[in-house]
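Trainee: This is run_2.txt, which holds compact mmCIF, C-alpha atoms and all ligand atoms:
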# COMPACT_ATOMS: atom_id res chain seq x y z
CA MET A 1 17.50 0.30 9.53
CA GLY A 2 15.62 3.61 9.48
CA ILE A 3 18.35 5.07 7.28
CA ILE A 4 17.74 2.46 4.58
CA GLY A 5 13.99 2.93 4.29
CA LYS A 6 13.38 6.59 5.08
CA LEU A 7 13.48 8.77 1.98
CA SER A 8 15.98 11.66 2.12
CA PRO A 9 14.63 15.11 1.12
CA ASP A 10 16.43 14.76 -2.25
CA LYS A 11 14.86 11.38 -2.94
CA LEU A 12 11.44 12.67 -1.89
CA ASN A 13 11.79 15.69 -4.20
CA PHE A 14 12.77 13.39 -7.05
CA PHE A 15 9.76 11.14 -6.36
CA ASN A 16 7.38 14.10 -6.20
CA SER A 17 8.63 15.60 -9.46
CA GLN A 18 9.28 12.42 -11.51
CA GLY A 19 6.73 9.97 -10.05
CA TYR A 20 9.32 7.33 -9.21
CA VAL A 21 12.60 7.04 -7.35
CA VAL A 22 15.26 4.34 -6.98
CA ILE A 23 16.62 3.37 -3.55
CA GLU A 24 19.83 1.45 -4.12
CA SER A 25 20.81 -1.47 -1.84
CA PHE A 26 17.38 -1.54 -0.22
CA ALA A 27 17.63 -5.32 0.17
CA SER A 28 20.79 -7.15 1.21
CA ASN A 29 22.29 -10.06 -0.74
CA GLU A 30 21.13 -12.37 2.06
CA GLU A 31 17.52 -11.14 1.78
CA ILE A 32 17.59 -11.57 -2.00
CA GLU A 33 19.06 -15.06 -1.71
CA ALA A 34 16.45 -16.03 0.90
CA MET A 35 13.55 -14.91 -1.33
CA ARG A 36 14.97 -16.58 -4.45
CA THR A 37 15.60 -19.86 -2.60
CA GLN A 38 12.13 -19.76 -1.10
CA MET A 39 10.61 -19.22 -4.53
CA ASP A 40 12.57 -22.26 -5.80
CA HIS A 41 10.94 -24.33 -3.03
CA LEU A 42 7.47 -22.97 -3.84
CA LEU A 43 7.95 -23.78 -7.53
CA GLN A 44 9.15 -27.29 -6.77
CA SER A 45 6.04 -28.01 -4.73
CA PHE A 46 3.69 -26.39 -7.27
CA ASP A 47 1.52 -29.13 -8.79
CA LEU A 48 1.22 -28.49 -12.53
CA SER A 49 -2.23 -30.05 -12.65
CA SER A 50 -3.60 -27.50 -10.13
CA SER A 51 -3.54 -24.56 -12.57
CA SER A 52 -3.02 -23.59 -16.17
CA SER A 53 -3.96 -19.97 -15.58
CA VAL A 54 -2.09 -17.53 -17.82
CA PHE A 55 -1.23 -13.94 -16.93
CA SER A 56 -1.25 -11.39 -19.72
CA THR A 57 -1.60 -7.64 -19.60
CA LYS A 58 -2.49 -7.66 -23.33
CA ASN A 59 -5.44 -10.03 -22.87
CA GLN A 60 -6.31 -9.28 -19.26
CA GLN A 61 -10.07 -9.52 -19.68
CA LYS A 62 -9.85 -12.90 -21.42
CA VAL A 63 -7.57 -14.62 -18.92
CA THR A 64 -9.13 -13.44 -15.64
CA ASP A 65 -10.91 -16.36 -13.97
CA ASP A 66 -11.83 -17.62 -10.47
CA TYR A 67 -8.26 -18.84 -9.95
CA PHE A 68 -7.14 -15.24 -10.48
CA TYR A 69 -9.79 -13.71 -8.18
CA GLU A 70 -9.02 -16.17 -5.38
CA SER A 71 -5.30 -15.47 -5.67
CA ALA A 72 -5.87 -12.22 -3.74
CA GLU A 73 -5.62 -14.26 -0.53
CA LYS A 74 -3.38 -17.12 -1.73
CA ILE A 75 -0.07 -18.06 -3.28
CA SER A 76 -1.07 -18.77 -6.88
CA PHE A 77 0.94 -19.47 -10.04
CA PHE A 78 0.33 -17.86 -13.44
CA PHE A 79 1.94 -19.03 -16.65
CA GLU A 80 3.55 -17.05 -19.44
CA GLU A 81 1.35 -16.75 -22.52
CA LYS A 82 4.14 -18.21 -24.64
CA ALA A 83 4.90 -21.07 -22.24
CA PHE A 84 2.74 -23.63 -24.10
CA GLY A 85 3.28 -25.32 -27.44
CA ASP A 86 0.51 -26.02 -29.98
CA ASP A 87 -0.05 -29.41 -28.32
CA GLY A 88 -0.93 -27.63 -25.05
CA ASN A 89 2.18 -28.88 -23.25
CA LEU A 90 4.84 -26.71 -21.68
CA LYS A 91 7.76 -26.01 -24.00
CA GLN A 92 10.23 -25.66 -21.10
CA PRO A 93 10.45 -26.78 -17.44
CA LYS A 94 7.75 -25.34 -15.15
CA GLU A 95 10.36 -23.18 -13.34
CA LEU A 96 10.95 -21.35 -16.63
CA SER A 97 7.26 -21.17 -17.59
CA ILE A 98 5.76 -19.07 -14.81
CA ASN A 99 5.05 -15.38 -15.40
CA LYS A 100 4.32 -14.53 -11.78
CA VAL A 101 3.29 -15.82 -8.37
CA GLY A 102 0.76 -13.79 -6.39
CA HIS A 103 -0.95 -12.16 -4.69
CA ALA A 104 -0.58 -12.85 -0.93
CA LEU A 105 3.04 -13.98 -0.58
CA HIS A 106 3.53 -11.13 1.89
CA GLU A 107 0.86 -12.55 4.21
CA ILE A 108 1.31 -16.29 3.87
CA ASP A 109 4.97 -17.01 3.25
CA PRO A 110 7.31 -16.26 6.19
CA VAL A 111 10.31 -15.33 4.02
CA PHE A 112 8.38 -12.85 1.89
CA LYS A 113 6.51 -11.58 4.96
CA ASN A 114 9.82 -10.83 6.63
CA LEU A 115 10.87 -8.29 3.98
CA SER A 116 7.35 -6.98 3.30
CA CYS A 117 6.61 -6.20 6.95
CA SER A 118 10.14 -4.99 7.76
CA GLU A 119 10.92 -1.78 9.55
CA LYS A 120 12.55 -0.37 6.43
CA VAL A 121 9.34 -0.80 4.40
CA SER A 122 7.34 0.90 7.19
CA ASP A 123 9.93 3.71 7.42
CA LEU A 124 9.69 4.26 3.68
CA LEU A 125 5.89 4.42 3.76
CA ARG A 126 5.97 6.82 6.71
CA SER A 127 8.22 9.16 4.74
CA LEU A 128 5.71 9.01 1.85
CA GLY A 129 2.98 10.17 4.26
CA TYR A 130 1.10 6.90 4.82
CA LYS A 131 -0.95 6.79 8.05
CA ARG A 132 -2.41 3.28 8.10
CA PRO A 133 -0.82 1.45 5.16
CA VAL A 134 -1.96 -1.94 3.97
CA ILE A 135 -0.09 -4.16 1.51
CA ILE A 136 -2.93 -5.10 -0.79
CA GLN A 137 -0.98 -7.41 -3.10
CA SER A 138 2.44 -8.93 -3.67
CA MET A 139 3.89 -10.51 -6.78
CA TYR A 140 7.03 -12.43 -7.60
CA ILE A 141 7.61 -11.55 -11.26
CA PHE A 142 10.00 -13.74 -13.28
CA LYS A 143 10.32 -12.09 -16.71
CA GLN A 144 11.57 -15.44 -17.97
CA PRO A 145 14.37 -15.64 -20.54
CA GLY A 146 13.05 -15.74 -24.11
CA ILE A 147 9.32 -15.75 -23.25
CA GLY A 148 8.90 -13.16 -20.44
CA GLY A 149 5.85 -11.21 -21.60
CA GLU A 150 5.52 -7.44 -21.96
CA VAL A 151 3.62 -5.39 -19.40
CA VAL A 152 1.69 -2.76 -21.33
CA PRO A 153 1.69 0.91 -20.24
CA HIS A 154 -0.48 1.36 -17.16
CA GLN A 155 -1.03 3.17 -13.87
CA ASP A 156 -1.29 1.10 -10.69
CA ASN A 157 -4.17 3.22 -9.36
CA SER A 158 -6.31 1.80 -12.20
CA PHE A 159 -6.24 -1.63 -10.57
CA LEU A 160 -6.04 -0.78 -6.86
CA TYR A 161 -8.31 2.22 -6.57
CA THR A 162 -9.08 4.04 -3.35
CA GLU A 163 -11.05 7.26 -2.94
CA PRO A 164 -8.90 9.41 -2.86
CA THR A 165 -6.15 7.48 -4.70
CA THR A 166 -3.30 6.20 -2.50
CA CYS A 167 -1.57 3.30 -4.27
CA THR A 168 2.24 3.11 -4.38
CA GLY A 169 4.22 0.31 -6.02
CA LEU A 170 7.40 -0.96 -4.34
CA TRP A 171 9.31 -2.93 -6.98
CA LEU A 172 12.39 -4.73 -5.72
CA ALA A 173 14.93 -6.04 -8.23
CA LEU A 174 16.08 -9.55 -7.29
CA GLU A 175 18.41 -9.56 -10.31
CA ASP A 176 19.99 -6.73 -12.28
CA ALA A 177 17.27 -5.26 -14.50
CA THR A 178 18.53 -3.87 -17.81
CA ILE A 179 17.17 -2.78 -21.18
CA THR A 180 18.22 -6.21 -22.46
CA ASN A 181 16.29 -8.37 -19.97
CA GLY A 182 13.15 -6.23 -19.65
CA CYS A 183 13.64 -3.47 -17.05
CA LEU A 184 10.88 -1.02 -16.13
CA TRP A 185 10.28 2.03 -18.32
CA ALA A 186 8.40 5.11 -17.13
CA ILE A 187 7.21 8.50 -18.41
CA PRO A 188 8.78 10.91 -15.90
CA GLY A 189 6.28 13.34 -14.44
CA SER A 190 3.26 11.52 -15.94
CA HIS A 191 1.81 11.02 -12.43
CA LYS A 192 0.92 14.72 -12.44
CA ASN A 193 -1.68 14.23 -15.18
CA GLY A 194 -4.02 12.15 -13.05
CA LEU A 195 -5.62 8.74 -13.48
CA VAL A 196 -6.54 7.86 -17.06
CA ARG A 197 -8.87 4.87 -16.57
CA ARG A 198 -10.05 2.24 -14.12
CA PHE A 199 -10.05 -1.56 -14.20
CA LEU A 200 -13.40 -2.70 -12.85
CA ARG A 201 -14.87 -6.02 -11.74
CA GLY A 202 -18.53 -6.40 -12.62
CA GLU A 203 -21.08 -9.19 -12.97
CA GLU A 204 -19.62 -10.28 -16.31
CA GLY A 205 -15.97 -10.17 -15.26
CA VAL A 206 -13.31 -7.48 -15.45
CA TYR A 207 -13.05 -4.61 -17.89
CA PHE A 208 -11.50 -1.15 -18.36
CA ASP A 209 -13.94 1.75 -18.17
CA ARG A 210 -12.28 3.38 -21.21
CA PRO A 211 -9.68 2.53 -23.85
CA SER A 212 -6.02 3.18 -23.22
CA PRO A 213 -4.62 6.36 -24.72
CA SER A 214 -1.73 5.74 -27.10
CA TYR A 215 1.65 6.68 -25.69
CA ASP A 216 4.70 7.93 -27.55
CA GLN A 217 7.51 5.49 -26.80
CA LYS A 218 9.96 8.41 -27.03
CA ASP A 219 8.53 9.73 -23.73
CA PHE A 220 9.56 6.63 -21.74
CA VAL A 221 12.91 6.36 -19.96
CA PRO A 222 14.45 3.04 -18.90
CA VAL A 223 14.84 2.43 -15.17
CA GLU A 224 17.86 0.12 -15.14
CA VAL A 225 18.75 -1.02 -11.62
CA LYS A 226 21.04 -3.40 -9.79
CA ALA A 227 19.75 -6.36 -7.77
CA GLY A 228 18.67 -5.11 -4.34
CA SER A 229 17.46 -1.73 -5.61
CA LEU A 230 13.89 -0.69 -4.87
CA VAL A 231 11.90 1.35 -7.39
CA VAL A 232 9.17 3.37 -5.66
CA ILE A 233 6.35 3.99 -8.15
CA HIS A 234 3.60 6.61 -7.77
CA GLY A 235 0.14 5.11 -8.41
CA ASP A 236 -0.51 7.50 -11.31
CA LEU A 237 2.88 7.00 -13.03
CA ILE A 238 2.61 5.57 -16.57
CA HIS A 239 5.04 2.65 -16.70
CA GLN A 240 5.61 -0.53 -18.67
CA SER A 241 8.17 -3.24 -19.44
CA PHE A 242 9.00 -5.00 -22.69
CA GLU A 243 9.22 -8.66 -23.56
CA ASN A 244 12.39 -10.35 -22.39
CA GLN A 245 13.95 -11.74 -25.55
CA SER A 246 17.33 -12.25 -23.88
CA SER A 247 18.72 -15.41 -22.33
CA LYS A 248 18.80 -13.82 -18.82
CA SER A 249 15.85 -13.77 -16.43
CA ARG A 250 14.83 -10.62 -14.53
CA HIS A 251 13.27 -11.61 -11.23
CA ALA A 252 11.53 -8.95 -9.09
CA TYR A 253 9.36 -8.87 -5.98
CA SER A 254 6.71 -6.20 -5.98
CA LEU A 255 4.34 -4.86 -3.33
CA HIS A 256 1.39 -2.56 -3.82
CA VAL A 257 0.36 -0.49 -0.85
CA VAL A 258 -2.76 1.59 -0.20
CA ASP A 259 -3.73 3.73 2.76
CA THR A 260 -6.76 2.83 4.85
CA ASP A 261 -6.83 6.04 6.85
CA GLY A 262 -9.22 8.66 5.49
CA CYS A 263 -9.82 6.83 2.21
CA LYS A 264 -12.07 4.08 0.94
CA TRP A 265 -11.22 0.85 -0.94
CA ALA A 266 -13.41 0.73 -4.09
CA GLN A 267 -15.86 -2.18 -4.15
CA GLU A 268 -15.43 -2.44 -7.95
CA ASN A 269 -11.73 -3.38 -7.63
CA TRP A 270 -10.81 -6.91 -8.68
CA ILE A 271 -9.59 -7.69 -5.14
CA ARG A 272 -12.50 -8.50 -2.81
CA ARG A 273 -11.04 -9.73 0.44
CA LYS A 274 -12.91 -12.18 2.64
CA VAL A 275 -10.54 -11.38 5.51
CA GLN A 276 -9.49 -7.76 5.77
CA PRO A 277 -5.69 -7.24 5.58
CA GLU A 278 -3.84 -5.99 8.67
CA PRO A 279 -2.20 -2.55 8.46
CA LEU A 280 1.60 -2.40 8.71
CA TYR A 281 1.28 0.25 11.43
CA VAL A 282 -1.04 2.98 12.64
CA SER A 283 0.44 6.47 12.98
CA SER A 284 -0.18 8.35 16.17
CA PRO A 285 -1.77 11.80 15.64
CA THR A 286 1.58 13.51 16.38
CA GLN A 287 3.52 11.61 13.68
O1 LIG B 1 7.77 -6.24 -13.48
C1 LIG B 1 7.33 -5.70 -14.49
O2 LIG B 1 7.82 -5.90 -15.59
C2 LIG B 1 6.19 -4.72 -14.42
C3 LIG B 1 5.63 -4.56 -13.06
C4 LIG B 1 4.62 -3.48 -12.97
O3 LIG B 1 4.42 -2.72 -13.86
C5 LIG B 1 3.85 -3.33 -11.76
O4 LIG B 1 4.04 -4.12 -10.81
O5 LIG B 1 3.02 -2.40 -11.70
Show me this structure written as structure tokens.

Mentor:
Amino acid sequence: MGIIGKLSPDKLNFFNSQGYVVIESFASNEEIEAMRTQMDHLLQSFDLSSSSSVFSTKNQQKVTDDYFYESAEKISFFFEEKAFGDDGNLKQPKELSINKVGHALHEIDPVFKNLSCSEKVSDLLRSLGYKRPVIIQSMYIFKQPGIGGEVVPHQDNSFLYTEPTTCTGLWLALEDATITNGCLWAIPGSHKNGLVRRFLRGEEGVYFDRPSPSYDQKDFVPVEVKAGSLVVIHGDLIHQSFENQSSKSRHAYSLHVVDTDGCKWAQENWIRRKVQPEPLYVSSPTQ
């Protein structure tokens, strides 16, 4: 198991210089199948009348509501912006209308917890230097065929800020992710330029503390991966994904991890936990 999760010196060098690295075959076919089947069950039992919350990275300030805030400690369902017709009804079945499910699958659902709290995830985090890592959010992202929305260029540290910054994204492909169905794109090395802006939660809701810089699309490279591959993403890496205009979905399960040793969770983050999350492990001083 340790061999799967622990980053080799080559992989670590790649991560440090590029800001991301791909670990192929991180999850087995059985693990992928288990998570996909479990998500089918969760979708079947999702009551359409319980939410019509939309997730959009283009209109994030507008769509953030109490349902979103409370999702930090729940399994909550967010629709695609383009899921609804002019009459307000879904244009396709609910299973094909959801943008993502979040943000505490890793804590609440036994199947997702199994992978999230596995030895290989802990081994990986140890090799990245984490001392007392906490998974602060999880998301099942669908990138639905035809309507899967774009994710605009961003850095994960903007949303999950600690002082000093410690966020890493672990993005697991549950289906092959290609240029056609909306794979990740990243600006290699952009993590070295520091954090550009923060996403803050204030009295009036959420907002960015400054506008986004404009990025040259020529600087992005596609990160096409096979199902089962894990993309490890530095918290300062500029990354994005485009709309999925193809007929194939692009499911992924993503975890965001922060350290709780020697750093402080920012009170202005959108996540304000009522119950503090448990660390995955605590390193002994000799580790
Ligand atoms: O799945 C995607 O398309 C984007 C995910 C992402 O950017 C993130 O989790 O930070």

Trainee: Write out as AutoDock Vina command-line options an axis-aligned box for ligand LIG 1 (chain B): all of its atoms listed in the file, 3 Å added on each side, centre and edge lengths in Å with one decimal.

Mentor:
--center_x 5.4 --center_y -4.3 --center_z -13.2 --size_x 10.8 --size_y 9.8 --size_z 10.8

Trainee: Which is closer to Glu80 in chain A than all the others in A:Arg126, A:Lys192, A:Lys6, A:Lys94, using all atoms listed in the file?

Mentor: A:Lys94

Trainee: Give me the residues of range 198-223 of chain A that have any atom at most 10 Å from an atom of range 153-164 of chain A; for each, the nearest atom pair and the distance in Å, rounded to one decimal. Use only C-alpha atoms, sort by chain and number, and format it as a Markdown table.

Mentor:
| residue | atom | partner | partner_atom | distance |
| --- | --- | --- | --- | --- |
| A:Arg198 | CA | A:Ser158 | CA | 4.2 |
| A:Phe199 | CA | A:Phe159 | CA | 5.3 |
| A:Leu200 | CA | A:Phe159 | CA | 7.6 |
| A:Arg201 | CA | A:Phe159 | CA | 9.8 |
| A:Phe208 | CA | A:Ser158 | CA | 8.6 |
| A:Asp209 | CA | A:Ser158 | CA | 9.7 |
| A:Ser212 | CA | A:His154 | CA | 8.4 |
| A:Pro213 | CA | A:Pro153 | CA | 9.5 |
| A:Ser214 | CA | A:Pro153 | CA | 9.1 |
| A:Tyr215 | CA | A:Pro153 | CA | 7.9 |
| A:Gln217 | CA | A:Pro153 | CA | 9.9 |
| A:Phe220 | CA | A:Pro153 | CA | 9.8 |

Trainee: Nearest to Leu48 in chain A among A:Glu95, A:Asp219, A:Glu224, A:Glu204, with distances taken over all atoms listed in the file: which residue is it?

Mentor: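 Ranking A:Glu95, A:Asp219, A:Glu224, A:Glu204 by distance to Leu48 in chain A, first place goes to A:Glu95.
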
Trainee: Select, from A:Val151, A:Ile135, A:Leu90, A:Leu128, the residue with the minimum atom-to-atom distance to His106 in chain A, counting all atoms listed in the file.

Mentor: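 Between A:Val151, A:Ile135, A:Leu90, A:Leu128, the residue approaching His106 in chain A most closely is A:Ile135.
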
Trainee: Compute the set of protein, DNA and RNA residues whose minimum atom distance to ligand LIG 1 (chain B) is at most 9 Å, using only C-alpha atoms and all ligand atoms, and state it as a ChimeraX atom specification.

Mentor: /A:138-143,148-156,169-171,173,182-185,233,235,238-243,250-256

Trainee: Between A:Leu280, A:Val134, A:Ala34, A:Leu124, which one has atoms that come closest to Cys263 in chain A, using only C-alpha atoms?

Mentor: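 For Cys263 in chain A, the nearest of the given residues is A:Val134.
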
Trainee: If I take CA of Ala177 in chain A and CA of Asp10 in chain A, how far is one from the other in Å, to one decimal?

Mentor: 23.5 Å

Trainee: Dump as an NGL selection string all residues having an atom at most 10 Å from (0.2, -9.5, -0.7), computed in the file's coordinates with all atoms listed in the file.

Mentor: :A and (71-75 or 102-109 or 112-113 or 116 or 134-139 or 254-257 or 277)

Trainee: From the options A:Ser97, A:Ile4, A:Asp216, A:Val111, which residue's atoms come nearest to Gln38 in chain A, counting all atoms listed in the file?

Mentor: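 Smallest separation from Gln38 in chain A among the options: A:Val111.
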
Trainee: Give the answer as one residue: which of A:Leu115, A:Thr166, A:Arg197, A:Phe84 has the shortest atom-to-atom distance to Gly129 in chain A, using only C-alpha atoms?

Mentor: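 Between A:Leu115, A:Thr166, A:Arg197, A:Phe84, the residue approaching Gly129 in chain A most closely is A:Thr166.
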
Trainee: Expressed in Å to a single decimal, how great is the separation between CA of Val232 in chain A and CA of Arg273 in chain A?

Mentor: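 We find that CA of Val232 in chain A and CA of Arg273 in chain A lie 24.8 Å from each other.
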
Trainee: Find the distance between CA of Gln18 in chain A and CA of Pro211 in chain A and write it in Å to one decimal.

Mentor: 24.7 Å

Trainee: Extract range 159-173 of chain A from the structure I just pasted (atoms: N, CA, C and O atoms) and return it as an mmCIF file, in the first residue's frame.

Mentor:
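Output file out-v4.cif follows:
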data_model
loop_
_atom_site.group_PDB
_atom_site.id
_atom_site.type_symbol
_atom_site.label_atom_id
_atom_site.label_comp_id
_atom_site.auth_asym_id
_atom_site.auth_seq_id
_atom_site.Cartn_x
_atom_site.Cartn_y
_atom_site.Cartn_z
ATOM 1 N N PHE A 159 -9.620 29.620 -1.243
ATOM 2 C CA PHE A 159 -10.876 29.197 -0.615
ATOM 3 C C PHE A 159 -10.659 28.532 0.745
ATOM 4 O O PHE A 159 -11.546 28.523 1.583
ATOM 5 N N LEU A 160 -9.490 27.918 0.910
ATOM 6 C CA LEU A 160 -9.222 27.099 2.101
ATOM 7 C C LEU A 160 -7.897 27.580 2.691
ATOM 8 O O LEU A 160 -6.872 26.898 2.629
ATOM 9 N N TYR A 161 -7.957 28.798 3.236
ATOM 10 C CA TYR A 161 -6.737 29.502 3.614
ATOM 11 C C TYR A 161 -6.303 29.169 5.034
ATOM 12 O O TYR A 161 -7.116 29.214 5.965
ATOM 13 N N THR A 162 -5.045 28.801 5.176
ATOM 14 C CA THR A 162 -4.454 28.708 6.516
ATOM 15 C C THR A 162 -3.257 29.645 6.553
ATOM 16 O O THR A 162 -2.704 30.014 5.510
ATOM 17 N N GLU A 163 -2.849 29.999 7.742
ATOM 18 C CA GLU A 163 -1.675 30.880 7.923
ATOM 19 C C GLU A 163 -0.586 30.079 8.625
ATOM 20 O O GLU A 163 -0.799 29.717 9.781
ATOM 21 N N PRO A 164 0.535 29.688 7.963
ATOM 22 C CA PRO A 164 0.818 29.835 6.536
ATOM 23 C C PRO A 164 -0.053 28.895 5.682
ATOM 24 O O PRO A 164 -0.707 28.008 6.231
ATOM 25 N N THR A 165 -0.025 29.076 4.361
ATOM 26 C CA THR A 165 -0.879 28.294 3.463
ATOM 27 C C THR A 165 -0.424 26.827 3.410
ATOM 28 O O THR A 165 0.790 26.547 3.364
ATOM 29 N N THR A 166 -1.418 25.913 3.433
ATOM 30 C CA THR A 166 -1.062 24.474 3.447
ATOM 31 C C THR A 166 -1.992 23.603 2.593
ATOM 32 O O THR A 166 -1.917 22.377 2.665
ATOM 33 N N CYS A 167 -2.878 24.210 1.808
ATOM 34 C CA CYS A 167 -3.876 23.383 1.113
ATOM 35 C C CYS A 167 -3.256 22.605 -0.060
ATOM 36 O O CYS A 167 -2.447 23.146 -0.824
ATOM 37 N N THR A 168 -3.658 21.345 -0.167
ATOM 38 C CA THR A 168 -3.330 20.530 -1.351
ATOM 39 C C THR A 168 -4.624 19.886 -1.829
ATOM 40 O O THR A 168 -5.428 19.421 -1.014
ATOM 41 N N GLY A 169 -4.812 19.873 -3.146
ATOM 42 C CA GLY A 169 -5.966 19.197 -3.737
ATOM 43 C C GLY A 169 -5.567 17.800 -4.198
ATOM 44 O O GLY A 169 -4.491 17.613 -4.776
ATOM 45 N N LEU A 170 -6.415 16.826 -3.900
ATOM 46 C CA LEU A 170 -6.196 15.448 -4.378
ATOM 47 C C LEU A 170 -7.385 15.121 -5.264
ATOM 48 O O LEU A 170 -8.506 14.948 -4.767
ATOM 49 N N TRP A 171 -7.175 15.083 -6.550
ATOM 50 C CA TRP A 171 -8.271 14.994 -7.534
ATOM 51 C C TRP A 171 -8.175 13.636 -8.218
ATOM 52 O O TRP A 171 -7.258 13.381 -8.987
ATOM 53 N N LEU A 172 -9.151 12.793 -7.916
ATOM 54 C CA LEU A 172 -9.111 11.413 -8.410
ATOM 55 C C LEU A 172 -10.080 11.246 -9.583
ATOM 56 O O LEU A 172 -11.300 11.476 -9.433
ATOM 57 N N ALA A 173 -9.548 10.824 -10.716
ATOM 58 C CA ALA A 173 -10.403 10.607 -11.896
ATOM 59 C C ALA A 173 -11.170 9.298 -11.724
ATOM 60 O O ALA A 173 -10.566 8.242 -11.515
#
